[in-house]
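Only one structure is covered here, and it is reproduced in the block below.
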Amino acid sequence: MLIKDGIRIDGRKPDELRPIKIEAGVLYRADGSCYLEWGGNKIMAAVYGPREALPRHIQDPTKALVNARYSMASFSVEERKRPGPDRRSTEISKVTSEALESVIFTELFPRTTIDICIEVLDAEAGTRCAGITAAAVALADAGIPMRDIPVACAAGKVDGVVVLDLTSEEDKEGEADLPVAIAPRTEEILLLQMDGHLTYKEFEEALELAIKGCKQVAKLQRQALLNKYKTFEVK
Amino acid sequence: MMREIVLPGSIVGDAKSKLPGKGTFKEGDKIYSSRLGILEEKGKYVNVIPLSGVYDPNVGDTVIGVVQEVFKNAWIVDINAPYPAFLTMEEVPWKMEYGETYKYLRVGDVIVAIIKLIDEARNIEITMKSKPCRKIEDGIIIEIQPSKIPRVIGKNASMLNILKRYTKCWIFVGQNGRIWIKGEDENVNLLIKALRKIEKEAHTFGLTERIIKMLGG
């Protein structure tokens with residue numbers, strides 16, 4: 001029993017997000033950075049570049065490469081995770097790179113790379129969505145030209161109910177998980193993965209709910225970026 | 001007047017009456033910002049002045065570079081841009097033979113140069129033939145965010161003059177975010193603090209007054 005009288009295990013309604021805190025520009029040495037807390041997730045994202053792509057044979061003379069690296073700290077999960085890239089984080093790095101690349105004006109910086117590091121310090125379901133959300137804020141903070149600030153949010157199905165933003169219990173025990181990344185202005189889908197089973201109707205419902213969730217998160221992202229430049233105005 | 005901060009994807013104008021300038025793009029009949037910056041309208045153009053980002057080299061910029069590699073007839077110079085810059089033997093103020101490049105500039109030497117050419121493949125060529133160009137032999141180099149450089153200079157070099165007057169230091173500002181300073185240790189320390197403050201508070205109003213106060217004016 002994960003849902004009782006329409007209230008979920010952590011007291012949320014089916015279409016409610018976990019509390020989110022975003023802070024932009026937290027690292028001095030990175031060109032852009034972001035610290036994000038999303039429920040029990042704690043994520044640090046840093047952006048470097050555009051900078052010269054090395055070794056030279058990886059350079060693309062027509063556009064910049066977007067190279068995201070998702071990595072989980074060994075202490076981020078209950079059982080110690082063996083550090084270093086594994087099958088799962090390699091996959092997430094790849095889909096994140098592709099999702100973010102589609103909004104960046106890569107043709108403005110030929111022969112360069114834009115490196116994005118996403119470090120998961122504490123994990124509690126939905127880290128890939130939180131990672132993309134944090135990386136997007138870091139990219140904007142780094143001053144990289146983009147069509148939009150991408151944002152991600154997951155939806156899923158628990159106890160036969162379509163819900164937004166799953167917790168770890170819901171992720172483990174639930175029937176389906178559907179992470180979605182969009183460009184909020186055009187609602188263009190940048191990432192769509194699914195784990196579990198949904199009927200066609202449920203899928204449509206979940207996708208709509210995830211997009212709704214994304215738009216809420218997008219507002220927080222924009223606020224976080226503006227806050228960075230407001231801090232000193234009061235003084 | 002409140003300066004408006006815009007974010008990537010913010011609507012900044014109507015494409016029917018305005019033209020997309022720097023830091024913007026057109027989609028449908030609207031103009032959107034492509035980066036985090038301050039909105040500025042100049043004639044028919046809508047521009048976004050970036051608040052962050054790496055140095056974007058332009059022809060004619062005076063930059064401070066560090067020699068990265070020495071060839072027989074040229075040098076490769078790091079100018080803090082995403083691309084390395086080339087300085088050929090013909091573009092230096094010294095007369096030399098082929099193979100003598102190492103006698104004039106070695107790896108790690110710092111120079112003031114001007115960007116001469118940027119081609120479509122983003123190869124950058126620099127020259128040391130005109131006025132402020134030289135090899136830097138003394139003083140120290142401070143690196144700040146290149147997007148904050150206009151603030152360090154100020155309108156008609158107002159900020160720069162204040163810094164010079166109150167700290168009695170020699171200051172030379174490169175467009176690529178490197179600043180060459182020279183002076184008494186005490187004054188240099190104060191100047192570095194002031195530069196860091198400008199970098200941190202570049203987007204705020206009344207910064208000039210606060211800097212004067214800080215420098216003891």
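Lettering and numbering for the structure tokens are positional, with chains as A, B, ... in the shown order, residues counted from 1 in each chain, and ligands counted from 1 in the shown order.
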Using only C-alpha atoms, find each residue of chain A with at least one atom at most 10 Å away from an atom of chain B; report its shortest atom-to-atom pair and that distance in Å (one decimal), sort the rows by chain and rising residue number, and return the result as a Markdown table.
| residue | atom | partner | partner_atom | distance |
| --- | --- | --- | --- | --- |
| A:Asp31 | CA | B:Gly53 | CA | 6.7 |
| A:Gly32 | CA | B:Gly53 | CA | 8.1 |
| A:Tyr48 | CA | B:Val54 | CA | 9.2 |
| A:Gly49 | CA | B:Val54 | CA | 6.9 |
| A:Pro50 | CA | B:Pro82 | CA | 6.0 |
| A:Arg51 | CA | B:Pro82 | CA | 4.3 |
| A:Glu52 | CA | B:Pro82 | CA | 5.1 |
| A:Ala53 | CA | B:Pro82 | CA | 8.7 |
| A:Pro61 | CA | B:Ala121 | CA | 7.0 |
| A:Thr62 | CA | B:Ala121 | CA | 8.5 |
| A:Val103 | CA | B:Ser34 | CA | 9.9 |
| A:Ile104 | CA | B:Ser34 | CA | 8.9 |
| A:Phe105 | CA | B:Ser34 | CA | 8.5 |
| A:Phe109 | CA | B:Pro82 | CA | 8.2 |
| A:Pro110 | CA | B:Ala121 | CA | 7.4 |
| A:Arg111 | CA | B:Tyr83 | CA | 8.2 |
| A:Thr112 | CA | B:Pro82 | CA | 6.7 |
| A:Thr113 | CA | B:Pro82 | CA | 8.9 |
| A:Leu139 | CA | B:Arg35 | CA | 9.4 |
| A:Ala140 | CA | B:Leu36 | CA | 6.1 |
| A:Asp141 | CA | B:Ser52 | CA | 6.8 |
| A:Ala142 | CA | B:Gly53 | CA | 5.2 |
| A:Gly143 | CA | B:Gly53 | CA | 4.4 |
| A:Ile144 | CA | B:Arg35 | CA | 6.2 |
| A:Pro145 | CA | B:Ser34 | CA | 4.8 |
| A:Met146 | CA | B:Ser34 | CA | 4.9 |
| A:Arg147 | CA | B:Gly9 | CA | 5.6 |
| A:Asp148 | CA | B:Gly9 | CA | 4.3 |
| A:Ile149 | CA | B:Pro8 | CA | 6.1 |
| A:Pro150 | CA | B:Gly9 | CA | 9.8 |
| A:Ala183 | CA | B:Gly9 | CA | 9.2 |
| A:Pro184 | CA | B:Gly9 | CA | 9.0 |
| A:Arg185 | CA | B:Gly9 | CA | 7.0 |
| A:Thr186 | CA | B:Gly9 | CA | 9.7 |
| A:Arg222 | CA | B:Leu7 | CA | 7.3 |
| A:Leu225 | CA | B:Leu7 | CA | 8.0 |
| A:Leu226 | CA | B:Ile5 | CA | 7.3 |
| A:Tyr229 | CA | B:His203 | CA | 7.0 |
| A:Lys230 | CA | B:Thr204 | CA | 8.5 |
| A:Thr231 | CA | B:Glu201 | CA | 9.3 |
| A:Phe232 | CA | B:Glu201 | CA | 6.7 |
| A:Glu233 | CA | B:Thr204 | CA | 5.9 |
| A:Val234 | CA | B:Thr204 | CA | 9.4 |
| A:Lys235 | CA | B:Thr204 | CA | 9.5 |
Those residues with C-alpha atoms, as a tab-separated table (two decimals), in the first residue's frame please?
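Dumped to result.tsv:
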chain	number	residue	atom	x	y	z
A	31	ASP	CA	32.68	28.55	-15.53
A	32	GLY	CA	29.17	27.75	-14.34
A	48	TYR	CA	33.60	24.10	-18.11
A	49	GLY	CA	34.05	25.73	-21.47
A	50	PRO	CA	33.62	26.08	-24.35
A	51	ARG	CA	37.31	25.15	-24.32
A	52	GLU	CA	39.73	23.60	-26.75
A	53	ALA	CA	38.87	19.95	-27.41
A	61	PRO	CA	35.28	21.67	-37.19
A	62	THR	CA	31.56	22.44	-37.51
A	103	VAL	CA	19.31	23.18	-26.91
A	104	ILE	CA	22.87	24.54	-27.09
A	105	PHE	CA	24.02	26.62	-30.08
A	109	PHE	CA	32.02	27.25	-30.99
A	110	PRO	CA	33.61	24.93	-33.56
A	111	ARG	CA	36.53	22.74	-32.43
A	112	THR	CA	35.69	23.05	-28.74
A	113	THR	CA	34.07	21.00	-26.01
A	139	LEU	CA	25.00	25.86	-18.39
A	140	ALA	CA	22.99	29.07	-18.19
A	141	ASP	CA	25.25	30.27	-15.38
A	142	ALA	CA	28.29	29.56	-17.58
A	143	GLY	CA	26.86	31.91	-20.22
A	144	ILE	CA	26.52	29.26	-22.88
A	145	PRO	CA	24.11	30.29	-25.66
A	146	MET	CA	21.02	28.12	-25.53
A	147	ARG	CA	17.60	28.06	-27.13
A	148	ASP	CA	16.01	27.39	-23.75
A	149	ILE	CA	16.84	26.14	-20.28
A	150	PRO	CA	16.07	22.42	-20.35
A	183	ALA	CA	12.56	22.52	-23.36
A	184	PRO	CA	9.80	24.31	-21.45
A	185	ARG	CA	9.23	27.10	-23.96
A	186	THR	CA	8.38	24.83	-26.88
A	222	ARG	CA	14.84	30.69	-13.58
A	225	LEU	CA	19.54	32.15	-11.77
A	226	LEU	CA	17.98	35.54	-11.09
A	229	TYR	CA	22.36	38.46	-9.39
A	230	LYS	CA	19.96	39.87	-6.83
A	231	THR	CA	21.95	39.16	-3.69
A	232	PHE	CA	23.98	42.33	-3.89
A	233	GLU	CA	21.21	44.68	-5.02
A	234	VAL	CA	19.92	45.03	-1.44
A	235	LYS	CA	23.24	46.15	0.00
Next on the checklist: Taking 4 positions as the minimum chain separation for residues in the same chain, which residues sit within 12 Å of stretch 106-114 of chain B when counting only C-alpha atoms? Answer as an MDAnalysis selection string.
Outcome noted: chainID B and resid 57:72 74:79 85:88 91:93 100:102 118 124:141 172:176 178:180
Checklist entry - Within 12 Å of stretch 88-96 of chain A, counting only C-alpha atoms, which residues qualify if same-chain residues fewer than 4 places away don't, as a ChimeraX atom specification? => result /A:66-73,81-84,100-103,115-120,126-136,150-152,179-182,190-193
Next on the checklist: I need the residues in stretch 97-168 of chain A that are alpha helix (DSSP H) according to DSSP; give them as a VMD selection string.
Outcome noted: chain A and resid 97 to 101 127 to 141 168
Checklist entry - Neighbours of stretch 203-206 of chain A within 8 Å (only C-alpha atoms; same-chain residues fewer than 3 positions away dropped), as a PyMOL selection string? => result chain A and resi 155-157+162-164+178+198-200+209-210
Those residues with C-alpha atoms, as a PDB file, in the first residue's frame please?
ATOM      1  CA  ALA A 155       6.237  10.591 -13.630  1.00  0.00           C
ATOM      2  CA  GLY A 156       5.238   7.002 -12.945  1.00  0.00           C
ATOM      3  CA  LYS A 157       2.591   4.587 -11.841  1.00  0.00           C
ATOM      4  CA  VAL A 162      -0.300   7.834 -12.263  1.00  0.00           C
ATOM      5  CA  VAL A 163       1.874   9.987  -9.998  1.00  0.00           C
ATOM      6  CA  LEU A 164       4.480  12.733 -10.375  1.00  0.00           C
ATOM      7  CA  LEU A 178       8.938   7.715 -16.862  1.00  0.00           C
ATOM      8  CA  LEU A 198       1.985   1.527 -18.812  1.00  0.00           C
ATOM      9  CA  THR A 199      -1.034   1.288 -21.078  1.00  0.00           C
ATOM     10  CA  TYR A 200      -1.183   3.767 -23.931  1.00  0.00           C
ATOM     11  CA  LEU A 209       1.812  15.077 -15.791  1.00  0.00           C
ATOM     12  CA  ALA A 210       5.605  14.988 -16.203  1.00  0.00           C
TER      13      ALA A 210
END
Selection near A:Gly6, 12 Å with only C-alpha atoms, sequence-local residues under 6 positions removed, as a PDB file with C-alpha atoms, in the first residue's frame:
ATOM      1  CA  ARG A  12       2.115  14.227  -1.129  1.00  0.00           C
ATOM      2  CA  LYS A  13      -0.809  14.314  -3.546  1.00  0.00           C
ATOM      3  CA  PRO A  14      -0.322  12.307  -6.787  1.00  0.00           C
ATOM      4  CA  ASP A  15       0.514  15.457  -8.784  1.00  0.00           C
ATOM      5  CA  GLU A  16       2.766  17.117  -6.233  1.00  0.00           C
ATOM      6  CA  VAL A 158       2.186   3.419  -8.278  1.00  0.00           C
ATOM      7  CA  ASP A 159      -0.703   1.228  -7.029  1.00  0.00           C
ATOM      8  CA  GLY A 160      -2.466   1.780 -10.351  1.00  0.00           C
ATOM      9  CA  VAL A 161      -2.350   5.569  -9.996  1.00  0.00           C
ATOM     10  CA  VAL A 162      -0.300   7.834 -12.263  1.00  0.00           C
ATOM     11  CA  VAL A 163       1.874   9.987  -9.998  1.00  0.00           C
TER      12      VAL A 163
END
Next on the checklist: Run DSSP on the backbone and tell me which residues of stretch 104-187 of chain A come out as strand (DSSP E or B); list them as a ChimeraX atom specification.
Outcome noted: /A:104,112-122,146,151-158,161-164,176-183
Expected file contents, prior selection, N, CA and C atoms, as a short mmCIF file (atom, residue, chain, number, x, y, z; two decimals), in the first residue's frame:
data_model
loop_
_atom_site.label_atom_id
_atom_site.label_comp_id
_atom_site.auth_asym_id
_atom_site.auth_seq_id
_atom_site.Cartn_x
_atom_site.Cartn_y
_atom_site.Cartn_z
N ILE A 104 21.71 23.65 -27.06
CA ILE A 104 22.87 24.54 -27.09
C ILE A 104 23.18 24.94 -28.54
N THR A 112 35.58 22.98 -30.20
CA THR A 112 35.69 23.05 -28.74
C THR A 112 34.85 21.95 -28.08
N THR A 113 35.01 21.84 -26.77
CA THR A 113 34.07 21.00 -26.01
C THR A 113 33.46 21.82 -24.90
N ILE A 114 32.27 21.43 -24.54
CA ILE A 114 31.63 21.97 -23.34
C ILE A 114 31.52 20.77 -22.40
N ASP A 115 32.22 20.84 -21.29
CA ASP A 115 32.23 19.71 -20.36
C ASP A 115 31.28 19.99 -19.20
N ILE A 116 30.46 19.01 -18.93
CA ILE A 116 29.48 19.14 -17.85
C ILE A 116 29.72 17.99 -16.88
N CYS A 117 29.94 18.33 -15.62
CA CYS A 117 30.13 17.29 -14.61
C CYS A 117 28.94 17.29 -13.68
N ILE A 118 28.30 16.16 -13.55
CA ILE A 118 27.17 16.04 -12.64
C ILE A 118 27.57 15.05 -11.55
N GLU A 119 27.65 15.54 -10.35
CA GLU A 119 28.04 14.68 -9.23
C GLU A 119 26.84 14.48 -8.33
N VAL A 120 26.46 13.23 -8.16
CA VAL A 120 25.35 12.92 -7.26
C VAL A 120 25.94 12.68 -5.88
N LEU A 121 25.64 13.57 -4.96
CA LEU A 121 26.20 13.44 -3.61
C LEU A 121 25.30 12.58 -2.73
N ASP A 122 24.01 12.64 -3.00
CA ASP A 122 23.05 11.90 -2.21
C ASP A 122 21.91 11.54 -3.16
N MET A 146 21.97 29.23 -25.43
CA MET A 146 21.02 28.12 -25.53
C MET A 146 19.68 28.63 -26.04
N VAL A 151 14.74 21.23 -18.75
CA VAL A 151 14.31 20.84 -17.41
C VAL A 151 13.78 19.41 -17.49
N ALA A 152 13.96 18.66 -16.42
CA ALA A 152 13.50 17.27 -16.42
C ALA A 152 12.71 16.96 -15.18
N CYS A 153 11.80 16.02 -15.31
CA CYS A 153 10.99 15.58 -14.19
C CYS A 153 10.45 14.21 -14.53
N ALA A 154 10.21 13.37 -13.53
CA ALA A 154 9.72 12.03 -13.81
C ALA A 154 8.26 11.90 -13.39
N ALA A 155 7.57 11.00 -14.06
CA ALA A 155 6.24 10.59 -13.63
C ALA A 155 6.27 9.08 -13.57
N GLY A 156 5.24 8.46 -13.02
CA GLY A 156 5.24 7.00 -12.95
C GLY A 156 3.89 6.49 -12.53
N LYS A 157 3.85 5.20 -12.25
CA LYS A 157 2.59 4.59 -11.84
C LYS A 157 2.84 3.78 -10.58
N VAL A 158 2.05 4.09 -9.56
CA VAL A 158 2.19 3.42 -8.28
C VAL A 158 0.79 2.99 -7.84
N VAL A 161 -2.09 4.14 -9.85
CA VAL A 161 -2.35 5.57 -10.00
C VAL A 161 -1.14 6.22 -10.67
N VAL A 162 -1.40 7.11 -11.62
CA VAL A 162 -0.30 7.83 -12.26
C VAL A 162 0.12 8.97 -11.33
N VAL A 163 1.39 8.99 -10.96
CA VAL A 163 1.87 9.99 -10.00
C VAL A 163 3.09 10.73 -10.56
N LEU A 164 3.37 11.89 -9.96
CA LEU A 164 4.48 12.73 -10.37
C LEU A 164 5.64 12.56 -9.41
N ALA A 176 5.73 1.63 -12.82
CA ALA A 176 6.44 2.25 -13.95
C ALA A 176 7.09 3.57 -13.53
N ASP A 177 8.17 3.91 -14.26
CA ASP A 177 8.89 5.16 -14.04
C ASP A 177 9.14 5.78 -15.41
N LEU A 178 8.85 7.07 -15.55
CA LEU A 178 8.94 7.72 -16.86
C LEU A 178 9.66 9.05 -16.74
N PRO A 179 10.98 9.05 -16.83
CA PRO A 179 11.69 10.34 -16.78
C PRO A 179 11.56 11.09 -18.12
N VAL A 180 11.28 12.38 -18.01
CA VAL A 180 11.07 13.20 -19.20
C VAL A 180 11.88 14.48 -19.05
N ALA A 181 12.60 14.87 -20.12
CA ALA A 181 13.25 16.18 -20.13
C ALA A 181 12.66 16.96 -21.28
N ILE A 182 12.33 18.22 -21.03
CA ILE A 182 11.76 19.05 -22.09
C ILE A 182 12.45 20.42 -22.14
N ALA A 183 12.24 21.11 -23.28
CA ALA A 183 12.56 22.52 -23.36
C ALA A 183 11.25 23.23 -23.06
#
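Closest approach to B:Leu190 among B:Leu160, B:Cys169, B:Leu207, B:Val46 is made by B:Cys169 (distances from only C-alpha atoms).
With atom CA of B:Lys18 on one side and atom CA of A:Lys215 on the other, the separation reads 28.5 Å.
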Item to check | Who sits within 8 Å of B:Lys22, only C-alpha atoms, same chain under 5 positions skipped, as a count of residues only | outcome: 4
